[in-house]
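The next block holds one structure in the form of structure tokens; read it before the comments.
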Protein chains: 2
Amino acid sequence: MSMQPNIDFTLSTAPQVYEWLRDAILRGELPPGSRLSETEIANQVGVSRQPVREAFIRLTSDGLAEVRPQRGTYIRRISVSAVLSARLIREAVESDLIRMLAEQADDRLLARLDQEIEEQSVAVARNDAETFVRLDDRFHRLLAVAAGQEAVWEVLEGLKSQMNRLRYITARTFDIQKLIGQHAEIVEGLRNHDPALAEQAMRRHLRELLNDLPEISRSRPELFIP
Amino acid sequence: MSMQPNIDFTLSTAPQVYEWLRDAILRGELPPGSRLSETEIANQVGVSRQPVREAFIRLTSDGLAEVRPQRGTYIRRISVSAVLSARLIREAVESDLIRMLAEQADDRLLARLDQEIEEQSVAVARNDAETFVRLDDRFHRLLAVAAGQEAVWEVLEGLKSQMNRLRYITARTFDIQKLIGQHAEIVEGLRNHDPALAEQAMRRHLRELLNDLPEISRSRPELFIP
DNA sequence: TTTTATTTACTAGTATGCAAGTATGCAATA
DNA sequence: TATTGCATACTTGCATACTAGTAAATAAAA
């Protein structure tokens, strides 16, 4: 592994190791199928095996790692069905939220959303896919918060982890311009206070997010569970 | 605590301790706010602190426990907003699933669902609320499986844990007869291949599940996060 | 009596040693 | 050459010792 974490030894180390590993996994730095080792990570970080072990347990709970007793700990390969499930759930929930929001969207919110889309356009102009992924997340989060359902978004965040790994891996193959256009359609639905229109735009948007999944799973089978 | 777990020492003990505690929490045997202790549980089970500690970590990941360093481990009180979020997500997802299912429901499935409802009626006739909770879970799960989305249901299971604790606590206050009637309405929607009808029945059903939440949170504030 | 220190008995966090299972390379054998 | 047996070096699971922090009871002082 490349980087070294910044451990603050005045705080508990286990959660810090967890955060560090989780970030590395989601960013694709630790690719699916990688083999970890309690001892190895412990030496690298400068702590004992114990906190590392606890971090592994939490990663396993998240579905990001897999402990094979007496064999080793591995970064979980991506499950296509888990990714599709996460997408389906996102579509169901976010289309409900956007319909709620269409009835109550005010000018202040609409202005803020226009501004977000503007920022996204800047990112695409600079061909900065990674920034766009971050902005895209913020856009969807903002919609949930505006609907008064921030807690719902926090739950979705956890589910999205599998999708996020995929997005980082494939960040360069997105047709970002198209996605931004879809964001604009969603906002138009809100502006017209048209729940059905906003919902349809949202569903279309989220359905296309994984359009390239079949191709990726064909070209990079090592990332996926067979 | 009352019961003792059945530990199979030829298998890993940590997961068994986890399952045991999780079950006790969901059933309300370990009520919200209870104080646990690694040492105490370890002695009771007959293992060292280590596997118990690992079980606590997983329970914390599930949002069922809360470790306060150097102070103790507590069963998390129920967060009303978390319960409401879980309900909203369930409604969004299950109404999408039921709409998908309405187009493809065959006689075999409908017969099976009728049979499930029959079983539920038997439970209510015996005034067996706990069995009904289990059957209710199975009914909704069956719908997800029939829609070809078992993986989606597995995800919902995790979210439902907060709702489930509440259900066990309040099992006696439910108007079970009414819930069974709503199940029947859902099945009628499927039988008529009417997605809109099935969806409306499902939404009504899931909205009423928490009707008594305000009253419970008033009468038993010790179970909830303020 | 009230307030302040101090002791004592807890808690979880971490380090470490040992046990048991697994993979791998090498040597002996067919 | 191909296969088997074994030594060795791993892996994680668990038990234990120790640390540091917390809380509450107790003792000392005002």
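Following the order of the structure tokens, first chain is A, next is B, and so on, with residues numbered from 1 inside each chain and ligands from 1 in the order they appear.
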
Among segment 63-209 of chain B, which ones does DSSP assign to strand (DSSP E) (computed from the backbone)? Answer as a ChimeraX atom specification.
/B:65-68,72-75

Expected answer as a list in words: chain A residues within 10 Å of chain D, only C-alpha atoms (C1' of nucleotides):
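Written out as asked, the residues are Ser37, Glu38, Thr39, Arg53, Val67, Arg68, Pro69, Gln70, Arg71, Gly72 and Thr73 of chain A.
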
Near chain A, meaning an atom within 8 Å, which residues of chain B appear when counting only C-alpha atoms? Write them as a VMD selection string.
chain B and resid 54 57 to 58 61 81 to 82 85 to 86 88 to 89 92 to 93 96 149 151 to 152

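Residue nearest chain C within the list A:Arg203, A:Arg49, A:Arg22, A:Arg76: A:Arg49 [criterion: smallest interatomic distance, only C-alpha atoms (C1' of nucleotides)].
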
Proximity to chain C - best of A:Ser48, A:Gln16, A:Ala24, A:Arg134, only C-alpha atoms (C1' of nucleotides)
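Smallest distance to chain C is found for A:Ser48.
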
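Those residues of chain C that fall within 10 Å of chain B when using only C-alpha atoms (C1' of nucleotides) read DC10, DT11, DA12 and DG13 of chain C.
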
Could you pull the residues within 12 Å of Ile180 of chain B, counting only C-alpha atoms (C1' of nucleotides), minus those fewer than 3 positions along the same chain, as a count of residues only?
30

Please extract the residues of segment 36-194 of chain B with a backbone DSSP assignment of helix (DSSP H, G or I) and present them as a PyMOL selection string.
chain B and resi 38-45+49-61+80-102+107-125+129-146+150-169+171-173+176-191
